Amino acid sequence: MTLSFRFGTVGSPIKTPKKPGGSVGAIIFSREIGLDALELGWVQSVRVSVETCALIKETAAAQDVGVSVHAPYYINLNASDEEWPKSRQRLMDAAHYGNLAGASDIIFHPGSYFEQPSIDVLKIAIPRLQGCVDELRATDNPVILRPETMGKSAMLGSLEDTLEMARQIPGVLPCLDFAHLHARPGDGTVNSYDEWSTRLEQYGLTLGDSALEQLHIHLSGIEYGPKGEKNHLPISESDFDLDGLFRAMSAFNAAGRILCESPIMEEDALLMRKTWQVISGQ
Ligand SMILES: [Zn+2]
C-alpha cells in the first residue's frame with residue numbers, strides 16, 4: 001500500500017549485511033525490511049566515484065527507494081569570506097554527486113550565527129545560497145537544497161530562518177528536523193499537537209500548501225538542556241510526542257519523506273511508519 005510518506009534512515013540501517021554493503025546494500029536492505037527511503041550520510045566528506053553513484057541510482061530506481069543526501073557537517077553559510085569557498089565546495093560536491101546518485105534532495109546544516117542577529121546573518125546567507133542554486137541550474141542539476149532546522153539556539157536554522165531562505169529562493173526548501181525544533185527552546189516546549197499545528201500552518205502560509213506535500217523530515221527522540229540539543233535518543237526513551245506530531249501532520253494532509261535519526265535507526269523508522277499508518281488511517 002502506498003502511504004503519503006516514505007520512511008527510511010539517515011545513513012545505512014544498522015543491520016545492513018556486509019555484502020554487498022555500502023549504499024547499494026543499504027538500499028536493498030531497506031526495501032527488504034519495509035522501508036522506502038534512504039538518506040546517504042556523506043557527513044564527513046564527499047568521497048564517491050561516478051561509477052558508484054550510477055550503481056546507487058540504478059539500485060534505488062529498481063527498488064523504488066527515494067534517495068537524499070546529508071551533506072558534510074562542515075558547511076557554514078555565514079563563514080568568513082576566506083572560509084566560504086571551502087564550505088561552498090562541500091555543498092556543491094554533495095549536490096553534484098548526489099544528483100548522479102539519483103538523490104532529489106540535499107540536506108545541510110546552514111551554519112552558525114557567530115552571535116550576530118539572525119536578520120544580519122540571513123543577508124549574508126541568502127545571496128550565497130542563491131548563488132549555489134543558480135550554478136546548479138546552469139549545469140542542469142535539479143536537486144532541492146534543504147537547510148535543516150537545528151537543535152541549538154546558537155545555530156543558524158530556526159524554523160523562521162529556513163522558511164525565509166526557502167521563501168526567497170526557488171529550489172530551496174527546509175528540512176524539518178522536529179526533534180531539533182523541540183530541543184531548540186530548551187524548555188520542553190514545542191512538543192504538542194497545538195504547537196506542531198501552529199508551525200505546519202506557518203509553513204503552508206509561507207511556502208504554499210503544495211510545499212506541505214513535499215516535506216522532508218528528520219525525526220528521533222532527543223535529550224536537551226537550556227541551550228538546546230544534547231544528543232539523539234530512541235523515541236521510546238524520550239519525551240517526544242510522536243502521536244501529537246503525526247496527528248497534526250495528518251490534519252494538514254502532509255506528505256513527503258521521514259528519515260529516522262534515532263540510535264536504533266531502522267527499528268524506530270519502522271515504529272514511525274507503523275504509527276503513521278495508525279494515526280493517518282492509511
Ligand atoms: Zn543533520
# chains A, B, ... in the order shown; residues from 1 in each chain; ligands from 1

call {"tool": "residues_around", "arguments": {"residues": "Trp276 in chain A", "least_positions_apart": "2", "cutoff": "10 Å", "atoms": "only C-alpha atoms", "output": "list in words"}}
result
Leu3, Ser4, Phe5, Phe7, Leu242, Asp243, Leu245, Phe246, Arg247, Met249, Ser250, Leu270, Leu271, Met272, Arg273, Lys274, Val278, Ile279, Ser280, Gly281 and Gln282 of chain A

call {"tool": "select_by_dssp", "arguments": {"residues": "range 60-239 of chain A", "states": "strand (DSSP E or B)", "output": "ChimeraX atom specification"}}
result
/A:66-70,105-108,111-112,144-148,152,155-156,172,175-177,215-219,221-225,228-233

call {"tool": "write_last_selection", "arguments": {"atoms": "C-alpha atoms", "output": "compact mmCIF listing (two decimals), in the first residue's frame"}}
result
# COMPACT_ATOMS: atom_id res chain seq x y z
CA GLY A 66 13.77 7.51 -2.53
CA VAL A 67 17.32 8.79 -2.10
CA SER A 68 18.52 12.01 -0.49
CA VAL A 69 21.97 13.13 0.66
CA HIS A 70 23.07 14.55 4.01
CA ASP A 105 17.20 16.48 -2.09
CA ILE A 106 20.46 17.64 -0.47
CA ILE A 107 20.25 18.31 3.26
CA PHE A 108 22.79 20.52 5.05
CA GLY A 111 25.85 27.24 9.92
CA SER A 112 26.38 29.45 12.94
CA ILE A 144 16.43 20.79 -3.95
CA LEU A 145 18.78 22.25 -1.33
CA ARG A 146 17.36 21.80 2.17
CA PRO A 147 18.80 23.80 5.10
CA GLU A 148 17.96 21.81 8.23
CA LYS A 152 20.86 24.63 19.29
CA MET A 155 22.95 27.89 15.23
CA LEU A 156 21.53 29.43 12.10
CA VAL A 172 15.37 25.75 -1.57
CA CYS A 175 14.49 20.05 6.12
CA LEU A 176 12.22 19.92 9.15
CA ASP A 177 14.04 18.21 12.00
CA LEU A 215 8.07 17.72 3.35
CA HIS A 216 11.50 16.34 4.15
CA ILE A 217 11.60 15.40 7.81
CA HIS A 218 14.26 14.22 10.26
CA LEU A 219 12.93 12.56 13.38
CA GLY A 221 13.88 11.26 20.33
CA ILE A 222 16.17 13.91 21.80
CA GLU A 223 17.88 14.95 25.01
CA TYR A 224 18.26 18.69 25.58
CA GLY A 225 19.28 21.38 28.06
CA GLY A 228 19.10 23.07 23.18
CA GLU A 229 20.11 19.73 21.72
CA LYS A 230 22.44 17.36 23.58
CA ASN A 231 22.02 14.04 21.77
CA HIS A 232 19.54 11.90 19.89
CA LEU A 233 17.59 9.17 21.71

call {"tool": "select_by_dssp", "arguments": {"residues": "range 99-165 of chain A", "states": "helix (DSSP H, G or I)", "output": "PDB file with N, CA and C atoms, in the first residue's frame"}}
result
ATOM      1  N   ASN A  99      23.202  14.197  -7.131  1.00  0.00           N
ATOM      2  CA  ASN A  99      22.373  14.134  -8.345  1.00  0.00           C
ATOM      3  C   ASN A  99      22.752  12.923  -9.190  1.00  0.00           C
ATOM      4  N   LEU A 100      24.045  12.649  -9.315  1.00  0.00           N
ATOM      5  CA  LEU A 100      24.486  11.475 -10.076  1.00  0.00           C
ATOM      6  C   LEU A 100      23.983  10.176  -9.419  1.00  0.00           C
ATOM      7  N   SER A 118      19.995  37.145  13.661  1.00  0.00           N
ATOM      8  CA  SER A 118      19.555  36.310  12.543  1.00  0.00           C
ATOM      9  C   SER A 118      19.348  37.128  11.267  1.00  0.00           C
ATOM     10  N   ILE A 119      18.735  38.291  11.412  1.00  0.00           N
ATOM     11  CA  ILE A 119      18.403  39.091  10.227  1.00  0.00           C
ATOM     12  C   ILE A 119      19.662  39.518   9.463  1.00  0.00           C
ATOM     13  N   ASP A 120      20.746  39.796  10.201  1.00  0.00           N
ATOM     14  CA  ASP A 120      22.015  40.168   9.542  1.00  0.00           C
ATOM     15  C   ASP A 120      22.680  38.954   8.892  1.00  0.00           C
ATOM     16  N   VAL A 121      22.584  37.821   9.583  1.00  0.00           N
ATOM     17  CA  VAL A 121      23.195  36.604   9.054  1.00  0.00           C
ATOM     18  C   VAL A 121      22.491  36.172   7.761  1.00  0.00           C
ATOM     19  N   LEU A 122      21.176  36.295   7.747  1.00  0.00           N
ATOM     20  CA  LEU A 122      20.424  35.900   6.544  1.00  0.00           C
ATOM     21  C   LEU A 122      20.802  36.764   5.343  1.00  0.00           C
ATOM     22  N   LYS A 123      21.177  38.018   5.601  1.00  0.00           N
ATOM     23  CA  LYS A 123      21.594  38.905   4.495  1.00  0.00           C
ATOM     24  C   LYS A 123      22.877  38.406   3.831  1.00  0.00           C
ATOM     25  N   ILE A 124      23.678  37.665   4.580  1.00  0.00           N
ATOM     26  CA  ILE A 124      24.878  37.052   4.001  1.00  0.00           C
ATOM     27  C   ILE A 124      24.540  35.687   3.410  1.00  0.00           C
ATOM     28  N   ALA A 125      23.754  34.915   4.165  1.00  0.00           N
ATOM     29  CA  ALA A 125      23.488  33.514   3.804  1.00  0.00           C
ATOM     30  C   ALA A 125      22.644  33.382   2.531  1.00  0.00           C
ATOM     31  N   ILE A 126      21.629  34.207   2.394  1.00  0.00           N
ATOM     32  CA  ILE A 126      20.678  34.017   1.289  1.00  0.00           C
ATOM     33  C   ILE A 126      21.316  34.265  -0.083  1.00  0.00           C
ATOM     34  N   PRO A 127      22.056  35.355  -0.284  1.00  0.00           N
ATOM     35  CA  PRO A 127      22.710  35.509  -1.594  1.00  0.00           C
ATOM     36  C   PRO A 127      23.707  34.388  -1.901  1.00  0.00           C
ATOM     37  N   ARG A 128      24.404  33.914  -0.893  1.00  0.00           N
ATOM     38  CA  ARG A 128      25.346  32.808  -1.112  1.00  0.00           C
ATOM     39  C   ARG A 128      24.601  31.548  -1.570  1.00  0.00           C
ATOM     40  N   LEU A 129      23.484  31.267  -0.896  1.00  0.00           N
ATOM     41  CA  LEU A 129      22.710  30.073  -1.243  1.00  0.00           C
ATOM     42  C   LEU A 129      22.075  30.224  -2.626  1.00  0.00           C
ATOM     43  N   GLN A 130      21.618  31.422  -2.920  1.00  0.00           N
ATOM     44  CA  GLN A 130      21.065  31.697  -4.254  1.00  0.00           C
ATOM     45  C   GLN A 130      22.115  31.424  -5.335  1.00  0.00           C
ATOM     46  N   GLY A 131      23.338  31.822  -5.055  1.00  0.00           N
ATOM     47  CA  GLY A 131      24.429  31.589  -5.998  1.00  0.00           C
ATOM     48  C   GLY A 131      24.661  30.101  -6.243  1.00  0.00           C
ATOM     49  N   CYS A 132      24.525  29.305  -5.196  1.00  0.00           N
ATOM     50  CA  CYS A 132      24.683  27.852  -5.335  1.00  0.00           C
ATOM     51  C   CYS A 132      23.587  27.287  -6.234  1.00  0.00           C
ATOM     52  N   VAL A 133      22.344  27.680  -5.968  1.00  0.00           N
ATOM     53  CA  VAL A 133      21.217  27.178  -6.777  1.00  0.00           C
ATOM     54  C   VAL A 133      21.400  27.603  -8.235  1.00  0.00           C
ATOM     55  N   ASP A 134      21.791  28.859  -8.468  1.00  0.00           N
ATOM     56  CA  ASP A 134      21.994  29.350  -9.842  1.00  0.00           C
ATOM     57  C   ASP A 134      23.015  28.483 -10.582  1.00  0.00           C
ATOM     58  N   GLU A 135      24.107  28.179  -9.891  1.00  0.00           N
ATOM     59  CA  GLU A 135      25.145  27.380 -10.543  1.00  0.00           C
ATOM     60  C   GLU A 135      24.662  25.954 -10.832  1.00  0.00           C
ATOM     61  N   LEU A 136      23.895  25.381  -9.897  1.00  0.00           N
ATOM     62  CA  LEU A 136      23.361  24.021 -10.123  1.00  0.00           C
ATOM     63  C   LEU A 136      22.436  24.009 -11.340  1.00  0.00           C
ATOM     64  N   ARG A 137      21.551  24.981 -11.406  1.00  0.00           N
ATOM     65  CA  ARG A 137      20.597  25.002 -12.521  1.00  0.00           C
ATOM     66  C   ARG A 137      21.306  25.245 -13.858  1.00  0.00           C
ATOM     67  N   ALA A 138      22.390  26.015 -13.823  1.00  0.00           N
ATOM     68  CA  ALA A 138      23.164  26.269 -15.047  1.00  0.00           C
ATOM     69  C   ALA A 138      23.806  24.988 -15.569  1.00  0.00           C
ATOM     70  N   LEU A 159      13.182  27.587  12.623  1.00  0.00           N
ATOM     71  CA  LEU A 159      12.160  27.359  11.592  1.00  0.00           C
ATOM     72  C   LEU A 159      12.020  28.616  10.728  1.00  0.00           C
ATOM     73  N   GLU A 160      12.030  29.785  11.384  1.00  0.00           N
ATOM     74  CA  GLU A 160      11.873  31.045  10.657  1.00  0.00           C
ATOM     75  C   GLU A 160      13.030  31.269   9.681  1.00  0.00           C
ATOM     76  N   ASP A 161      14.255  30.967  10.110  1.00  0.00           N
ATOM     77  CA  ASP A 161      15.420  31.120   9.212  1.00  0.00           C
ATOM     78  C   ASP A 161      15.244  30.272   7.952  1.00  0.00           C
ATOM     79  N   THR A 162      14.889  29.008   8.151  1.00  0.00           N
ATOM     80  CA  THR A 162      14.810  28.103   6.992  1.00  0.00           C
ATOM     81  C   THR A 162      13.633  28.489   6.103  1.00  0.00           C
ATOM     82  N   LEU A 163      12.554  28.952   6.706  1.00  0.00           N
ATOM     83  CA  LEU A 163      11.404  29.400   5.895  1.00  0.00           C
ATOM     84  C   LEU A 163      11.767  30.630   5.072  1.00  0.00           C
ATOM     85  N   GLU A 164      12.547  31.523   5.667  1.00  0.00           N
ATOM     86  CA  GLU A 164      12.932  32.748   4.942  1.00  0.00           C
ATOM     87  C   GLU A 164      13.849  32.415   3.761  1.00  0.00           C
ATOM     88  N   MET A 165      14.795  31.489   3.964  1.00  0.00           N
ATOM     89  CA  MET A 165      15.656  31.061   2.849  1.00  0.00           C
ATOM     90  C   MET A 165      14.797  30.446   1.741  1.00  0.00           C
TER      91      MET A 165
END

call {"tool": "residues_around", "arguments": {"residues": "Arg90 in chain A", "least_positions_apart": "5", "cutoff": "10 Å", "atoms": "only C-alpha atoms", "output": "ChimeraX atom specification"}}
result
/A:43-46,71-76,85,95-96,108

call {"tool": "write_last_selection", "arguments": {"atoms": "all heavy atoms", "output": "compact mmCIF listing (two decimals), in the first residue's frame"}}
result
# COMPACT_ATOMS: atom_id res chain seq x y z
N VAL A 43 28.48 12.77 5.63
CA VAL A 43 28.57 13.84 6.62
C VAL A 43 30.00 14.28 6.94
O VAL A 43 30.20 15.38 7.47
CB VAL A 43 27.83 13.46 7.92
CG1 VAL A 43 26.34 13.29 7.64
CG2 VAL A 43 28.40 12.20 8.55
N GLN A 44 30.99 13.45 6.65
CA GLN A 44 32.38 13.87 6.89
C GLN A 44 32.95 14.52 5.64
O GLN A 44 33.58 15.57 5.70
CB GLN A 44 33.24 12.67 7.31
CG GLN A 44 32.75 11.96 8.57
CD GLN A 44 32.65 12.87 9.78
OE1 GLN A 44 33.36 13.87 9.89
NE2 GLN A 44 31.74 12.56 10.69
N SER A 45 32.75 13.87 4.49
CA SER A 45 33.23 14.42 3.23
C SER A 45 32.50 13.69 2.10
O SER A 45 31.84 12.68 2.34
CB SER A 45 34.74 14.21 3.09
OG SER A 45 35.01 12.82 3.06
N VAL A 46 32.62 14.23 0.89
CA VAL A 46 32.02 13.58 -0.28
C VAL A 46 33.13 12.85 -1.01
O VAL A 46 33.97 13.46 -1.67
CB VAL A 46 31.35 14.62 -1.21
CG1 VAL A 46 30.75 13.94 -2.43
CG2 VAL A 46 30.27 15.41 -0.45
N ALA A 71 24.61 16.30 3.38
CA ALA A 71 25.90 16.89 3.01
C ALA A 71 26.82 16.98 4.23
O ALA A 71 26.36 16.84 5.37
CB ALA A 71 25.66 18.29 2.43
N PRO A 72 28.13 17.19 4.01
CA PRO A 72 29.07 17.29 5.14
C PRO A 72 28.64 18.33 6.19
O PRO A 72 28.05 19.34 5.87
CB PRO A 72 30.38 17.70 4.45
CG PRO A 72 30.29 17.12 3.08
CD PRO A 72 28.83 17.23 2.71
N TYR A 73 28.98 18.00 7.45
CA TYR A 73 28.65 18.91 8.55
C TYR A 73 29.34 20.27 8.40
O TYR A 73 28.82 21.28 8.83
CB TYR A 73 29.09 18.30 9.89
CG TYR A 73 28.35 17.04 10.29
CD1 TYR A 73 29.03 15.93 10.77
CD2 TYR A 73 26.96 16.98 10.21
CE1 TYR A 73 28.34 14.78 11.16
CE2 TYR A 73 26.27 15.84 10.60
CZ TYR A 73 26.97 14.75 11.07
OH TYR A 73 26.30 13.61 11.45
N TYR A 74 30.53 20.25 7.79
CA TYR A 74 31.34 21.47 7.78
C TYR A 74 30.94 22.41 6.65
O TYR A 74 31.72 22.69 5.74
CB TYR A 74 32.82 21.11 7.72
CG TYR A 74 33.17 20.07 8.75
CD1 TYR A 74 33.38 18.75 8.37
CD2 TYR A 74 33.23 20.40 10.11
CE1 TYR A 74 33.65 17.77 9.32
CE2 TYR A 74 33.50 19.42 11.06
CZ TYR A 74 33.71 18.11 10.66
OH TYR A 74 33.96 17.15 11.60
N ILE A 75 29.71 22.85 6.71
CA ILE A 75 29.21 23.85 5.76
C ILE A 75 28.66 24.98 6.61
O ILE A 75 27.99 24.75 7.61
CB ILE A 75 28.10 23.25 4.87
CG1 ILE A 75 28.69 22.23 3.89
CG2 ILE A 75 27.34 24.35 4.12
CD1 ILE A 75 27.68 21.43 3.11
N ASN A 76 28.98 26.21 6.24
CA ASN A 76 28.52 27.36 7.03
C ASN A 76 28.23 28.52 6.08
O ASN A 76 29.15 29.13 5.54
CB ASN A 76 29.60 27.75 8.05
CG ASN A 76 29.11 28.82 9.01
OD1 ASN A 76 28.02 29.38 8.83
ND2 ASN A 76 29.91 29.10 10.03
N PRO A 85 34.52 29.75 0.39
CA PRO A 85 34.69 28.89 -0.79
C PRO A 85 34.80 27.40 -0.46
O PRO A 85 34.29 26.56 -1.20
CB PRO A 85 35.98 29.41 -1.43
CG PRO A 85 36.05 30.84 -1.00
CD PRO A 85 35.49 30.85 0.40
N ALA A 95 25.85 18.11 -3.88
CA ALA A 95 24.76 18.28 -4.85
C ALA A 95 25.11 17.61 -6.18
O ALA A 95 24.26 16.98 -6.81
CB ALA A 95 24.47 19.76 -5.05
N HIS A 96 26.36 17.73 -6.59
CA HIS A 96 26.78 17.16 -7.88
C HIS A 96 26.74 15.63 -7.84
O HIS A 96 26.07 14.98 -8.66
CB HIS A 96 28.19 17.64 -8.23
CG HIS A 96 28.75 17.01 -9.47
ND1 HIS A 96 28.25 17.29 -10.72
CD2 HIS A 96 29.72 16.08 -9.64
CE1 HIS A 96 28.90 16.56 -11.62
NE2 HIS A 96 29.80 15.82 -11.00
N PHE A 108 21.54 20.01 4.44
CA PHE A 108 22.79 20.52 5.05
C PHE A 108 22.48 21.37 6.27
O PHE A 108 21.39 21.90 6.42
CB PHE A 108 23.60 21.31 4.01
CG PHE A 108 22.95 22.59 3.57
CD1 PHE A 108 23.35 23.83 4.11
CD2 PHE A 108 21.93 22.60 2.64
CE1 PHE A 108 22.75 25.02 3.71
CE2 PHE A 108 21.32 23.79 2.24
CZ PHE A 108 21.73 24.99 2.78

call {"tool": "atom_distance", "arguments": {"atom1": "CA of Asp36 in chain A", "atom2": "CA of Arg6 in chain A"}}
result
5.6 Å

call {"tool": "atom_distance", "arguments": {"atom1": "CA of Met92 in chain A", "atom2": "CA of Ser220 in chain A"}}
result
27.5 Å

call {"tool": "residues_around", "arguments": {"residues": "range 194-208 of chain A", "least_positions_apart": "2", "cutoff": "9 Å", "atoms": "only C-alpha atoms", "output": "ChimeraX atom specification"}}
result
/A:159,163-164,166-167,173,178,189-192,210-212,244-245,247-249,251-252,254

call {"tool": "closest_residue", "arguments": {"among": "A:Ser236, A:Thr9, A:Asn253, A:Ser87", "to": "ligand 1", "atoms": "only C-alpha atoms and all ligand atoms"}}
result
A:Thr9

call {"tool": "closest_residue", "arguments": {"among": "A:Leu38, A:Leu55, A:Asn141, A:Thr275", "to": "Pro20 in chain A", "atoms": "only C-alpha atoms"}}
result
A:Leu55

call {"tool": "closest_residue", "arguments": {"among": "A:Gly102, A:Pro142, A:Lys227, A:Glu51", "to": "Asp187 in chain A", "atoms": "only C-alpha atoms"}}
result
A:Lys227

call {"tool": "atom_distance", "arguments": {"atom1": "CA of Lys57 in chain A", "atom2": "CA of Thr2 in chain A"}}
result
21.4 Å

call {"tool": "closest_residue", "arguments": {"among": "A:Gly34, A:Gly151, A:Gly21, A:Gly8", "to": "ligand 1", "atoms": "only C-alpha atoms and all ligand atoms"}}
result
A:Gly151

call {"tool": "decode", "arguments": {"residues": "range 7-24 of chain A", "atoms": "N, CA, C and O atoms", "output": "compact mmCIF listing (two decimals), in the first residue's frame"}}
result
# COMPACT_ATOMS: atom_id res chain seq x y z
N PHE A 7 9.45 6.25 4.35
CA PHE A 7 10.19 6.17 5.61
C PHE A 7 11.55 5.52 5.39
O PHE A 7 11.68 4.59 4.59
N GLY A 8 12.55 6.02 6.11
CA GLY A 8 13.88 5.45 6.00
C GLY A 8 14.79 5.99 7.09
O GLY A 8 14.33 6.55 8.09
N THR A 9 16.10 5.80 6.88
CA THR A 9 17.08 6.20 7.88
C THR A 9 18.08 7.20 7.27
O THR A 9 18.25 7.24 6.06
N VAL A 10 18.72 7.99 8.13
CA VAL A 10 19.84 8.83 7.70
C VAL A 10 21.10 8.02 7.95
O VAL A 10 21.43 7.71 9.10
N GLY A 11 21.79 7.63 6.90
CA GLY A 11 22.88 6.67 7.00
C GLY A 11 22.31 5.26 6.86
O GLY A 11 21.10 5.05 6.99
N SER A 12 23.18 4.31 6.55
CA SER A 12 22.73 2.94 6.32
C SER A 12 22.10 2.35 7.58
O SER A 12 22.59 2.58 8.69
N PRO A 13 21.02 1.56 7.41
CA PRO A 13 20.46 0.85 8.58
C PRO A 13 21.54 0.02 9.28
O PRO A 13 22.47 -0.49 8.63
N ILE A 14 21.42 -0.10 10.60
CA ILE A 14 22.46 -0.76 11.40
C ILE A 14 22.69 -2.21 10.94
O ILE A 14 23.82 -2.67 10.88
N LYS A 15 21.61 -2.90 10.62
CA LYS A 15 21.75 -4.33 10.29
C LYS A 15 21.96 -4.59 8.80
O LYS A 15 21.81 -5.73 8.34
N THR A 16 22.35 -3.57 8.03
CA THR A 16 22.69 -3.79 6.62
C THR A 16 23.76 -4.87 6.53
O THR A 16 24.81 -4.75 7.18
N PRO A 17 23.52 -5.95 5.77
CA PRO A 17 24.52 -7.02 5.66
C PRO A 17 25.84 -6.51 5.07
O PRO A 17 25.85 -5.54 4.31
N LYS A 18 26.94 -7.18 5.40
CA LYS A 18 28.27 -6.77 4.92
C LYS A 18 28.37 -6.85 3.40
O LYS A 18 29.09 -6.09 2.77
N LYS A 19 27.67 -7.84 2.81
CA LYS A 19 27.68 -7.97 1.35
C LYS A 19 26.28 -7.80 0.81
O LYS A 19 25.36 -8.44 1.33
N PRO A 20 26.04 -6.98 -0.22
CA PRO A 20 27.03 -6.15 -0.90
C PRO A 20 27.48 -4.95 -0.08
O PRO A 20 28.47 -4.31 -0.43
N GLY A 21 26.81 -4.60 1.00
CA GLY A 21 27.23 -3.49 1.85
C GLY A 21 27.13 -2.15 1.15
O GLY A 21 26.56 -2.05 0.06
N GLY A 22 27.69 -1.12 1.78
CA GLY A 22 27.69 0.21 1.19
C GLY A 22 26.27 0.72 0.99
O GLY A 22 25.30 0.18 1.54
N SER A 23 26.15 1.79 0.19
CA SER A 23 24.84 2.39 -0.03
C SER A 23 23.94 1.47 -0.84
O SER A 23 22.73 1.43 -0.62
N VAL A 24 24.54 0.72 -1.77
CA VAL A 24 23.74 -0.22 -2.58
C VAL A 24 23.11 -1.28 -1.67
O VAL A 24 21.91 -1.56 -1.74
